[in-house]
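The structure file upload.pdb is reproduced below (PDB, C-alpha atoms).
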```pdb
MODEL        1
ATOM      1  CA  ALA A   1      -1.363  -8.087  16.068  1.00  0.00           C
ATOM      2  CA  GLN A   2       0.479  -5.212  14.508  1.00  0.00           C
ATOM      3  CA  THR A   3      -1.293  -1.893  14.163  1.00  0.00           C
ATOM      4  CA  VAL A   4      -0.460   1.425  12.539  1.00  0.00           C
ATOM      5  CA  THR A   5      -2.030   4.670  13.721  1.00  0.00           C
ATOM      6  CA  GLN A   6      -2.119   8.007  11.960  1.00  0.00           C
ATOM      7  CA  SER A   7      -3.832  10.439  14.303  1.00  0.00           C
ATOM      8  CA  GLN A   8      -4.004  13.396  11.909  1.00  0.00           C
ATOM      9  CA  PRO A   9      -6.800  12.913   9.360  1.00  0.00           C
ATOM     10  CA  GLU A  10      -5.909  16.174   7.649  1.00  0.00           C
ATOM     11  CA  MET A  11      -3.053  18.649   7.657  1.00  0.00           C
ATOM     12  CA  SER A  12      -2.418  21.919   5.862  1.00  0.00           C
ATOM     13  CA  VAL A  13       0.862  23.579   5.029  1.00  0.00           C
ATOM     14  CA  GLN A  14       1.797  26.770   3.268  1.00  0.00           C
ATOM     15  CA  GLU A  15       3.821  26.381   0.114  1.00  0.00           C
ATOM     16  CA  ALA A  16       7.589  26.387   0.864  1.00  0.00           C
ATOM     17  CA  GLU A  17       6.973  25.654   4.531  1.00  0.00           C
ATOM     18  CA  THR A  18       7.714  22.457   6.476  1.00  0.00           C
ATOM     19  CA  VAL A  19       5.155  19.980   7.748  1.00  0.00           C
ATOM     20  CA  THR A  20       5.423  16.823   9.841  1.00  0.00           C
ATOM     21  CA  LEU A  21       3.021  13.901   9.573  1.00  0.00           C
ATOM     22  CA  SER A  22       2.776  11.541  12.523  1.00  0.00           C
ATOM     23  CA  CYS A  23       2.642   7.762  12.616  1.00  0.00           C
ATOM     24  CA  THR A  24       2.816   5.345  15.502  1.00  0.00           C
ATOM     25  CA  TYR A  25       2.778   1.586  15.320  1.00  0.00           C
ATOM     26  CA  ASP A  26       2.610  -1.378  17.580  1.00  0.00           C
ATOM     27  CA  THR A  27       4.557  -4.585  17.145  1.00  0.00           C
ATOM     28  CA  SER A  28       6.349  -7.133  19.245  1.00  0.00           C
ATOM     29  CA  GLU A  29       8.889  -7.852  16.530  1.00  0.00           C
ATOM     30  CA  SER A  30      12.379  -6.397  16.468  1.00  0.00           C
ATOM     31  CA  ASP A  31      12.981  -6.501  12.724  1.00  0.00           C
ATOM     32  CA  TYR A  32      10.556  -4.856  10.341  1.00  0.00           C
ATOM     33  CA  TYR A  33      10.239  -2.157   7.712  1.00  0.00           C
ATOM     34  CA  LEU A  34       8.334   1.091   7.686  1.00  0.00           C
ATOM     35  CA  PHE A  35       7.195   3.073   4.686  1.00  0.00           C
ATOM     36  CA  TRP A  36       5.479   6.261   3.731  1.00  0.00           C
ATOM     37  CA  TYR A  37       3.380   6.104   0.584  1.00  0.00           C
ATOM     38  CA  LYS A  38       1.724   9.023  -1.162  1.00  0.00           C
ATOM     39  CA  GLN A  39      -1.591   8.676  -2.986  1.00  0.00           C
ATOM     40  CA  PRO A  40      -2.473  11.677  -5.169  1.00  0.00           C
ATOM     41  CA  PRO A  41      -5.915  12.084  -6.750  1.00  0.00           C
ATOM     42  CA  SER A  42      -4.727   9.855  -9.601  1.00  0.00           C
ATOM     43  CA  ARG A  43      -5.011   7.038  -7.004  1.00  0.00           C
ATOM     44  CA  GLN A  44      -1.617   5.469  -7.681  1.00  0.00           C
ATOM     45  CA  MET A  45       0.289   4.769  -4.483  1.00  0.00           C
ATOM     46  CA  ILE A  46       3.825   6.101  -4.739  1.00  0.00           C
ATOM     47  CA  LEU A  47       6.645   5.189  -2.376  1.00  0.00           C
ATOM     48  CA  VAL A  48       8.004   8.268  -0.636  1.00  0.00           C
ATOM     49  CA  ILE A  49      10.531   6.831   1.780  1.00  0.00           C
ATOM     50  CA  ARG A  50      11.391   3.637   3.611  1.00  0.00           C
ATOM     51  CA  GLN A  51      13.151   2.745   6.836  1.00  0.00           C
ATOM     52  CA  GLU A  52      14.634  -0.515   8.031  1.00  0.00           C
ATOM     53  CA  ALA A  53      14.102  -0.975  11.752  1.00  0.00           C
ATOM     54  CA  TYR A  54      17.643  -2.219  12.317  1.00  0.00           C
ATOM     55  CA  LYS A  55      19.086   1.037  10.987  1.00  0.00           C
ATOM     56  CA  GLN A  56      19.448   3.774  13.575  1.00  0.00           C
ATOM     57  CA  GLN A  57      20.027   6.457  10.973  1.00  0.00           C
ATOM     58  CA  ASN A  58      16.887   8.219   9.811  1.00  0.00           C
ATOM     59  CA  ALA A  59      16.130   7.849   6.108  1.00  0.00           C
ATOM     60  CA  THR A  60      16.082  10.901   3.843  1.00  0.00           C
ATOM     61  CA  GLU A  61      14.996  11.348   0.234  1.00  0.00           C
ATOM     62  CA  ASN A  62      15.504  14.870  -1.025  1.00  0.00           C
ATOM     63  CA  ARG A  63      12.882  17.040   0.717  1.00  0.00           C
ATOM     64  CA  PHE A  64      11.479  14.082   2.642  1.00  0.00           C
ATOM     65  CA  SER A  65      12.945  12.750   5.867  1.00  0.00           C
ATOM     66  CA  VAL A  66      11.750  10.629   8.736  1.00  0.00           C
ATOM     67  CA  ASN A  67      12.162  10.700  12.474  1.00  0.00           C
ATOM     68  CA  PHE A  68      12.290   7.040  13.458  1.00  0.00           C
ATOM     69  CA  GLN A  69      12.050   6.410  17.188  1.00  0.00           C
ATOM     70  CA  LYS A  70      12.123   2.636  17.603  1.00  0.00           C
ATOM     71  CA  ALA A  71      11.640   2.539  21.364  1.00  0.00           C
ATOM     72  CA  ALA A  72       8.675   4.874  21.135  1.00  0.00           C
ATOM     73  CA  LYS A  73       7.398   3.085  18.014  1.00  0.00           C
ATOM     74  CA  SER A  74       7.071   6.357  16.203  1.00  0.00           C
ATOM     75  CA  PHE A  75       7.764   7.077  12.536  1.00  0.00           C
ATOM     76  CA  SER A  76       7.013  10.646  11.467  1.00  0.00           C
ATOM     77  CA  LEU A  77       7.502  12.118   8.006  1.00  0.00           C
ATOM     78  CA  LYS A  78       8.878  15.618   7.522  1.00  0.00           C
ATOM     79  CA  ILE A  79       8.322  17.381   4.239  1.00  0.00           C
ATOM     80  CA  SER A  80      10.523  20.421   3.735  1.00  0.00           C
ATOM     81  CA  ASP A  81       9.937  23.219   1.223  1.00  0.00           C
ATOM     82  CA  SER A  82       6.414  21.945   0.541  1.00  0.00           C
ATOM     83  CA  GLN A  83       5.240  22.126  -3.054  1.00  0.00           C
ATOM     84  CA  LEU A  84       1.754  22.115  -4.556  1.00  0.00           C
ATOM     85  CA  GLY A  85       2.497  18.689  -5.984  1.00  0.00           C
ATOM     86  CA  ASP A  86       2.912  17.304  -2.474  1.00  0.00           C
ATOM     87  CA  ALA A  87      -0.838  17.556  -1.903  1.00  0.00           C
ATOM     88  CA  ALA A  88      -2.099  13.986  -1.489  1.00  0.00           C
ATOM     89  CA  MET A  89      -3.094  11.311   0.989  1.00  0.00           C
ATOM     90  CA  TYR A  90      -0.088   9.998   2.876  1.00  0.00           C
ATOM     91  CA  PHE A  91      -0.116   6.488   4.278  1.00  0.00           C
ATOM     92  CA  CYS A  92       2.246   5.048   6.823  1.00  0.00           C
ATOM     93  CA  ALA A  93       2.817   1.311   6.397  1.00  0.00           C
ATOM     94  CA  TYR A  94       4.460  -1.485   8.356  1.00  0.00           C
ATOM     95  CA  ARG A  95       5.866  -4.670   6.932  1.00  0.00           C
ATOM     96  CA  PRO A  96       7.203  -7.494   9.093  1.00  0.00           C
ATOM     97  CA  ASP A  97      10.519  -9.069   8.198  1.00  0.00           C
ATOM     98  CA  SER A  98       8.974 -12.482   7.863  1.00  0.00           C
ATOM     99  CA  GLY A  99       8.720 -13.192   4.174  1.00  0.00           C
ATOM    100  CA  THR A 100       5.514 -11.453   3.324  1.00  0.00           C
ATOM    101  CA  TYR A 101       4.276  -8.353   1.586  1.00  0.00           C
ATOM    102  CA  LYS A 102       1.300  -8.153   3.904  1.00  0.00           C
ATOM    103  CA  TYR A 103       1.579  -4.495   4.712  1.00  0.00           C
ATOM    104  CA  ILE A 104      -0.364  -2.937   7.560  1.00  0.00           C
ATOM    105  CA  PHE A 105      -1.466   0.544   6.561  1.00  0.00           C
ATOM    106  CA  GLY A 106      -2.542   3.474   8.674  1.00  0.00           C
ATOM    107  CA  THR A 107      -5.748   5.322   7.891  1.00  0.00           C
ATOM    108  CA  GLY A 108      -3.931   8.102   6.091  1.00  0.00           C
ATOM    109  CA  THR A 109      -3.392  11.834   6.427  1.00  0.00           C
ATOM    110  CA  ARG A 110      -4.716  14.182   3.774  1.00  0.00           C
ATOM    111  CA  LEU A 111      -2.152  16.909   3.148  1.00  0.00           C
ATOM    112  CA  LYS A 112      -3.293  20.193   1.659  1.00  0.00           C
ATOM    113  CA  VAL A 113      -0.706  22.616   0.339  1.00  0.00           C
ATOM    114  CA  LEU A 114      -1.800  26.239   0.292  1.00  0.00           C
ATOM    115  CA  ALA A 115      -0.437  28.608  -2.320  1.00  0.00           C
TER     116      ALA A 115
ATOM    117  CA  LYS B   1      10.032   0.228 -18.007  1.00  0.00           C
ATOM    118  CA  ALA B   2       6.275  -0.139 -17.802  1.00  0.00           C
ATOM    119  CA  GLY B   3       4.708   0.031 -14.373  1.00  0.00           C
ATOM    120  CA  VAL B   4       2.050  -2.159 -12.831  1.00  0.00           C
ATOM    121  CA  THR B   5      -0.953  -2.270 -15.135  1.00  0.00           C
ATOM    122  CA  GLN B   6      -4.440  -2.939 -13.885  1.00  0.00           C
ATOM    123  CA  THR B   7      -7.505  -3.498 -16.005  1.00  0.00           C
ATOM    124  CA  PRO B   8     -10.215  -2.427 -16.131  1.00  0.00           C
ATOM    125  CA  ARG B   9      -9.773   0.959 -14.486  1.00  0.00           C
ATOM    126  CA  TYR B  10     -13.478   1.391 -13.802  1.00  0.00           C
ATOM    127  CA  LEU B  11     -16.382  -0.993 -13.776  1.00  0.00           C
ATOM    128  CA  ILE B  12     -19.945  -1.117 -12.560  1.00  0.00           C
ATOM    129  CA  LYS B  13     -21.669  -4.321 -11.567  1.00  0.00           C
ATOM    130  CA  THR B  14     -24.918  -5.254  -9.870  1.00  0.00           C
ATOM    131  CA  ARG B  15     -25.401  -7.306  -6.743  1.00  0.00           C
ATOM    132  CA  GLY B  16     -25.025 -11.018  -7.302  1.00  0.00           C
ATOM    133  CA  GLN B  17     -22.783 -10.696 -10.329  1.00  0.00           C
ATOM    134  CA  GLN B  18     -19.142 -11.672 -10.371  1.00  0.00           C
ATOM    135  CA  VAL B  19     -16.108  -9.697 -11.469  1.00  0.00           C
ATOM    136  CA  THR B  20     -12.561 -10.466 -12.556  1.00  0.00           C
ATOM    137  CA  LEU B  21      -9.784  -7.912 -12.225  1.00  0.00           C
ATOM    138  CA  SER B  22      -6.443  -8.241 -13.946  1.00  0.00           C
ATOM    139  CA  CYS B  23      -2.957  -7.137 -12.964  1.00  0.00           C
ATOM    140  CA  SER B  24       0.235  -7.182 -15.010  1.00  0.00           C
ATOM    141  CA  PRO B  25       3.279  -6.653 -12.800  1.00  0.00           C
ATOM    142  CA  ILE B  26       6.448  -4.840 -13.704  1.00  0.00           C
ATOM    143  CA  SER B  27       8.538  -6.937 -16.059  1.00  0.00           C
ATOM    144  CA  GLY B  28      10.700  -9.297 -14.035  1.00  0.00           C
ATOM    145  CA  HIS B  29       8.648  -8.965 -10.867  1.00  0.00           C
ATOM    146  CA  ARG B  30       7.416 -12.300  -9.586  1.00  0.00           C
ATOM    147  CA  SER B  31       5.502 -11.251  -6.492  1.00  0.00           C
ATOM    148  CA  VAL B  32       2.007  -9.801  -6.749  1.00  0.00           C
ATOM    149  CA  SER B  33      -0.155  -8.548  -3.892  1.00  0.00           C
ATOM    150  CA  TRP B  34      -3.734  -7.291  -3.847  1.00  0.00           C
ATOM    151  CA  TYR B  35      -5.288  -4.709  -1.545  1.00  0.00           C
ATOM    152  CA  GLN B  36      -8.819  -3.397  -1.118  1.00  0.00           C
ATOM    153  CA  GLN B  37      -9.249   0.294  -0.351  1.00  0.00           C
ATOM    154  CA  THR B  38     -12.520   1.673   1.017  1.00  0.00           C
ATOM    155  CA  PRO B  39     -13.339   4.899   2.877  1.00  0.00           C
ATOM    156  CA  GLY B  40     -14.546   2.927   5.891  1.00  0.00           C
ATOM    157  CA  GLN B  41     -11.952   0.184   6.224  1.00  0.00           C
ATOM    158  CA  GLY B  42      -8.963   1.831   4.576  1.00  0.00           C
ATOM    159  CA  LEU B  43      -6.353  -0.328   2.887  1.00  0.00           C
ATOM    160  CA  GLN B  44      -6.732  -4.012   3.605  1.00  0.00           C
ATOM    161  CA  PHE B  45      -4.585  -6.864   2.412  1.00  0.00           C
ATOM    162  CA  LEU B  46      -6.337  -9.423   0.230  1.00  0.00           C
ATOM    163  CA  PHE B  47      -3.685 -11.906  -0.897  1.00  0.00           C
ATOM    164  CA  GLU B  48      -0.191 -12.266  -2.261  1.00  0.00           C
ATOM    165  CA  TYR B  49       1.328 -14.571  -4.826  1.00  0.00           C
ATOM    166  CA  PHE B  50       4.817 -15.628  -5.733  1.00  0.00           C
ATOM    167  CA  SER B  51       5.630 -17.978  -8.597  1.00  0.00           C
ATOM    168  CA  GLU B  52       1.978 -18.965  -9.006  1.00  0.00           C
ATOM    169  CA  THR B  53       1.617 -19.884  -5.318  1.00  0.00           C
ATOM    170  CA  GLN B  54      -0.615 -18.045  -2.894  1.00  0.00           C
ATOM    171  CA  ARG B  55       1.625 -17.235   0.051  1.00  0.00           C
ATOM    172  CA  ASN B  56      -0.716 -15.294   2.233  1.00  0.00           C
ATOM    173  CA  LYS B  57      -4.391 -14.429   2.410  1.00  0.00           C
ATOM    174  CA  GLY B  58      -6.176 -11.660   4.254  1.00  0.00           C
ATOM    175  CA  ASN B  59      -9.344 -11.885   6.274  1.00  0.00           C
ATOM    176  CA  PHE B  60     -11.856 -11.864   3.438  1.00  0.00           C
ATOM    177  CA  PRO B  61     -14.679 -14.298   2.678  1.00  0.00           C
ATOM    178  CA  GLY B  62     -14.254 -17.114   0.213  1.00  0.00           C
ATOM    179  CA  ARG B  63     -16.032 -15.051  -2.448  1.00  0.00           C
ATOM    180  CA  PHE B  64     -12.687 -13.365  -2.971  1.00  0.00           C
ATOM    181  CA  SER B  65     -10.194 -15.477  -4.852  1.00  0.00           C
ATOM    182  CA  GLY B  66      -7.151 -14.970  -6.976  1.00  0.00           C
ATOM    183  CA  ARG B  67      -4.493 -16.655  -8.994  1.00  0.00           C
ATOM    184  CA  GLN B  68      -1.175 -15.982 -10.633  1.00  0.00           C
ATOM    185  CA  PHE B  69      -0.077 -17.247 -13.999  1.00  0.00           C
ATOM    186  CA  SER B  70       3.316 -18.489 -15.127  1.00  0.00           C
ATOM    187  CA  ASN B  71       4.083 -15.070 -16.655  1.00  0.00           C
ATOM    188  CA  SER B  72       3.432 -13.495 -13.212  1.00  0.00           C
ATOM    189  CA  ARG B  73       0.221 -11.813 -14.326  1.00  0.00           C
ATOM    190  CA  SER B  74      -2.466 -12.103 -11.705  1.00  0.00           C
ATOM    191  CA  GLU B  75      -6.225 -12.023 -11.564  1.00  0.00           C
ATOM    192  CA  MET B  76      -8.605 -11.673  -8.692  1.00  0.00           C
ATOM    193  CA  ASN B  77     -12.230 -12.684  -8.748  1.00  0.00           C
ATOM    194  CA  VAL B  78     -15.124 -11.658  -6.563  1.00  0.00           C
ATOM    195  CA  SER B  79     -18.270 -13.745  -6.853  1.00  0.00           C
ATOM    196  CA  THR B  80     -21.789 -12.938  -5.705  1.00  0.00           C
ATOM    197  CA  LEU B  81     -21.037  -9.256  -5.413  1.00  0.00           C
ATOM    198  CA  GLU B  82     -22.378  -7.277  -2.467  1.00  0.00           C
ATOM    199  CA  LEU B  83     -22.786  -3.540  -2.101  1.00  0.00           C
ATOM    200  CA  GLY B  84     -19.928  -3.529   0.394  1.00  0.00           C
ATOM    201  CA  ASP B  85     -17.537  -4.825  -2.244  1.00  0.00           C
ATOM    202  CA  SER B  86     -17.528  -1.392  -3.855  1.00  0.00           C
ATOM    203  CA  ALA B  87     -13.935  -0.299  -3.525  1.00  0.00           C
ATOM    204  CA  LEU B  88     -10.675   0.554  -5.197  1.00  0.00           C
ATOM    205  CA  TYR B  89      -8.733  -2.669  -5.755  1.00  0.00           C
ATOM    206  CA  LEU B  90      -4.997  -2.124  -5.849  1.00  0.00           C
ATOM    207  CA  CYS B  91      -2.435  -4.512  -7.212  1.00  0.00           C
ATOM    208  CA  ALA B  92       1.244  -4.237  -6.370  1.00  0.00           C
ATOM    209  CA  SER B  93       4.305  -6.113  -7.521  1.00  0.00           C
ATOM    210  CA  SER B  94       7.776  -6.711  -6.196  1.00  0.00           C
ATOM    211  CA  LEU B  95      10.932  -8.325  -7.465  1.00  0.00           C
ATOM    212  CA  THR B  96      11.447 -10.918  -4.787  1.00  0.00           C
ATOM    213  CA  SER B  97       9.486 -13.245  -2.607  1.00  0.00           C
ATOM    214  CA  GLY B  98       9.720 -10.939   0.388  1.00  0.00           C
ATOM    215  CA  GLY B  99      11.815 -13.427   2.307  1.00  0.00           C
ATOM    216  CA  LEU B 100      14.246 -12.576   5.030  1.00  0.00           C
ATOM    217  CA  SER B 101      17.036 -11.909   2.549  1.00  0.00           C
ATOM    218  CA  SER B 102      14.926  -9.498   0.531  1.00  0.00           C
ATOM    219  CA  GLY B 103      15.592  -6.486   2.678  1.00  0.00           C
ATOM    220  CA  ALA B 104      13.192  -3.622   2.336  1.00  0.00           C
ATOM    221  CA  ASN B 105      12.122  -4.761  -1.092  1.00  0.00           C
ATOM    222  CA  VAL B 106       9.142  -2.567  -1.701  1.00  0.00           C
ATOM    223  CA  LEU B 107       5.811  -2.877  -3.392  1.00  0.00           C
ATOM    224  CA  THR B 108       5.141  -0.863  -6.529  1.00  0.00           C
ATOM    225  CA  PHE B 109       1.446  -0.199  -6.946  1.00  0.00           C
ATOM    226  CA  GLY B 110      -0.794   0.089  -9.964  1.00  0.00           C
ATOM    227  CA  ALA B 111      -3.434   2.780 -10.374  1.00  0.00           C
ATOM    228  CA  GLY B 112      -6.186   0.445  -9.241  1.00  0.00           C
ATOM    229  CA  SER B 113      -9.516  -0.815 -10.491  1.00  0.00           C
ATOM    230  CA  ARG B 114     -12.520   1.111  -9.199  1.00  0.00           C
ATOM    231  CA  LEU B 115     -15.437  -1.280  -8.690  1.00  0.00           C
ATOM    232  CA  THR B 116     -18.930   0.037  -8.063  1.00  0.00           C
ATOM    233  CA  VAL B 117     -21.629  -2.439  -7.072  1.00  0.00           C
ATOM    234  CA  LEU B 118     -25.226  -1.264  -7.516  1.00  0.00           C
TER     235      LEU B 118
ENDMDL
END
```
Represent the structure from my file as structure tokens, please.
Amino acid sequence: AQTVTQSQPEMSVQEAETVTLSCTYDTSESDYYLFWYKQPPSRQMILVIRQEAYKQQNATENRFSVNFQKAAKSFSLKISDSQLGDAAMYFCAYRPDSGTYKYIFGTGTRLKVLA
Amino acid sequence: KAGVTQTPRYLIKTRGQQVTLSCSPISGHRSVSWYQQTPGQGLQFLFEYFSETQRNKGNFPGRFSGRQFSNSRSEMNVSTLELGDSALYLCASSLTSGGLSSGANVLTFGAGSRLTVL
């Protein structure tokens, strides 16, 4: 069975600094998708970034980028120039490439941004 | 374009009652998925629907059921409520069926329905 592990329950970062959130996963499949979702206090899950496993190039979205290491089954999220609005729970998620939206989520990392 | 709309946003029930939660997906989206979020178990998949057909179901008891209508709106029902059913129930929609040709077609989530069981 696939699993997703986020080993950092909570992280803090100073405003304008850079922070990296860790995520590891376990799967026997070769094709899959990985996501980072953000859940602010408003509760709505918001997609931050996504990565297709068959792509070697790491995905980037403005201040957000990932370090995807397929062999190591690692998928970390780097947030550059952190802003107060980045404070939220961040969830790493795995989706198999097998015709389903049955995501496997990690337990989340609470990110605090200090002014 | 309106997002995923879930109603009600908050509700309180007592043990033994039943509850129905509603989800209206983004216009044009035909796939709807439901997740339960609790502090102890995190985010867990409940079920997913595409074109009124349940395509997948998570590991939840039969008290949890759902359906999707021809307009893609979906409802989930929990009967004989237990204290442990207290949770945030999240609905998400997507454009496609999630098949192999769908690429990284992502889920767009609603704000959730917060259920408290007393």
Record the distance separating CA of Val66 in chain A and CA of Gln14 in chain A, expressed in Å with one decimal. 19.7 Å
Any chance you could work out the residue set of the PyMOL selection byres ((chain A and resi 5) around 8) here, as a PyMOL selection string? chain A and resi 3-4+6-7+23-25+106-107
Kindly export the residues of the current selection with C-alpha atoms, as a tab-separated table (two decimals), keeping the file's coordinate frame.
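And here's selection03.tsv as it stands now:
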```tsv
chain	number	residue	atom	x	y	z
A	3	THR	CA	-1.29	-1.89	14.16
A	4	VAL	CA	-0.46	1.42	12.54
A	6	GLN	CA	-2.12	8.01	11.96
A	7	SER	CA	-3.83	10.44	14.30
A	23	CYS	CA	2.64	7.76	12.62
A	24	THR	CA	2.82	5.34	15.50
A	25	TYR	CA	2.78	1.59	15.32
A	106	GLY	CA	-2.54	3.47	8.67
A	107	THR	CA	-5.75	5.32	7.89
```
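In terms of minimum interatomic distance to Ser65 in chain B, B:Thr20 ranks closest within B:Ser31, B:Thr96, B:Cys91, B:Thr20, counting all atoms listed in the file.
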Please provide as a list in words all residues within 7 Å of Leu47 in chain A, with the sequence filter that same-chain residues fewer than 6 positions apart are discarded (counting all atoms listed in the file). Trp36, Tyr37 and Lys38 of chain A
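Considering all atoms listed in the file, the residue among B:Leu83, B:Ala92, B:Leu43, B:Val78 positioned nearest to chain A is B:Leu43.
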Restrict the calculation to all atoms listed in the file, then for each residue of chain A with any atom at most 8 Å from an atom of chain B give the closest atom pair and their distance in Å to one decimal, rows by chain and rising residue number, as a tab-separated table.
```
residue	atom	partner	partner_atom	distance
A:Tyr33	CA	B:Ala104	CA	6.3
A:Ser42	CA	B:Ala111	CA	7.2
A:Arg43	CA	B:Ala111	CA	5.7
A:Gln44	CA	B:Ala111	CA	4.2
A:Met45	CA	B:Phe109	CA	5.7
A:Ile46	CA	B:Phe109	CA	7.1
A:Leu47	CA	B:Thr108	CA	7.5
A:Arg50	CA	B:Ala104	CA	7.6
A:Gln51	CA	B:Ala104	CA	7.8
A:Glu52	CA	B:Ala104	CA	6.6
A:Asp97	CA	B:Leu100	CA	6.0
A:Ser98	CA	B:Leu100	CA	6.0
A:Gly99	CA	B:Gly99	CA	3.6
A:Thr100	CA	B:Gly98	CA	5.2
A:Tyr101	CA	B:Gly98	CA	6.1
A:Lys102	CA	B:Phe45	CA	6.2
A:Tyr103	CA	B:Phe45	CA	7.0
A:Ile104	CA	B:Gln44	CA	7.6
A:Phe105	CA	B:Leu43	CA	6.2
A:Gly106	CA	B:Gly42	CA	7.8
A:Thr107	CA	B:Gly42	CA	5.8
```
Please dump the current selection as a tab-separated table (two decimals), in the frame of the given file; keep C-alpha atoms.
```
chain	number	residue	atom	x	y	z
A	33	TYR	CA	10.24	-2.16	7.71
A	42	SER	CA	-4.73	9.86	-9.60
A	43	ARG	CA	-5.01	7.04	-7.00
A	44	GLN	CA	-1.62	5.47	-7.68
A	45	MET	CA	0.29	4.77	-4.48
A	46	ILE	CA	3.82	6.10	-4.74
A	47	LEU	CA	6.64	5.19	-2.38
A	50	ARG	CA	11.39	3.64	3.61
A	51	GLN	CA	13.15	2.74	6.84
A	52	GLU	CA	14.63	-0.52	8.03
A	97	ASP	CA	10.52	-9.07	8.20
A	98	SER	CA	8.97	-12.48	7.86
A	99	GLY	CA	8.72	-13.19	4.17
A	100	THR	CA	5.51	-11.45	3.32
A	101	TYR	CA	4.28	-8.35	1.59
A	102	LYS	CA	1.30	-8.15	3.90
A	103	TYR	CA	1.58	-4.50	4.71
A	104	ILE	CA	-0.36	-2.94	7.56
A	105	PHE	CA	-1.47	0.54	6.56
A	106	GLY	CA	-2.54	3.47	8.67
A	107	THR	CA	-5.75	5.32	7.89
```
For range 66-70 of chain A, take all atoms listed in the file, fit an axis-aligned box around them, add 3 Å to each of the six sides, then output centre and edge lengths in Å rounded to one decimal, as JSON.
```
{"center_x": 12.0, "center_y": 6.7, "center_z": 13.2, "size_x": 6.5, "size_y": 14.1, "size_z": 14.9}
```
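Comparing A:Pro40, A:Tyr54, A:Ser74, A:Glu61 by their smallest distance to Met89 in chain A, the closest is A:Pro40 (using only C-alpha atoms).
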Suppose you want the space between CA of Asp85 in chain B and CA of Thr38 in chain B; what is it in Å? 8.8 Å
One decimal, in Å: what's the spacing between CA of Ala87 in chain A and CA of Thr5 in chain B? 23.8 Å
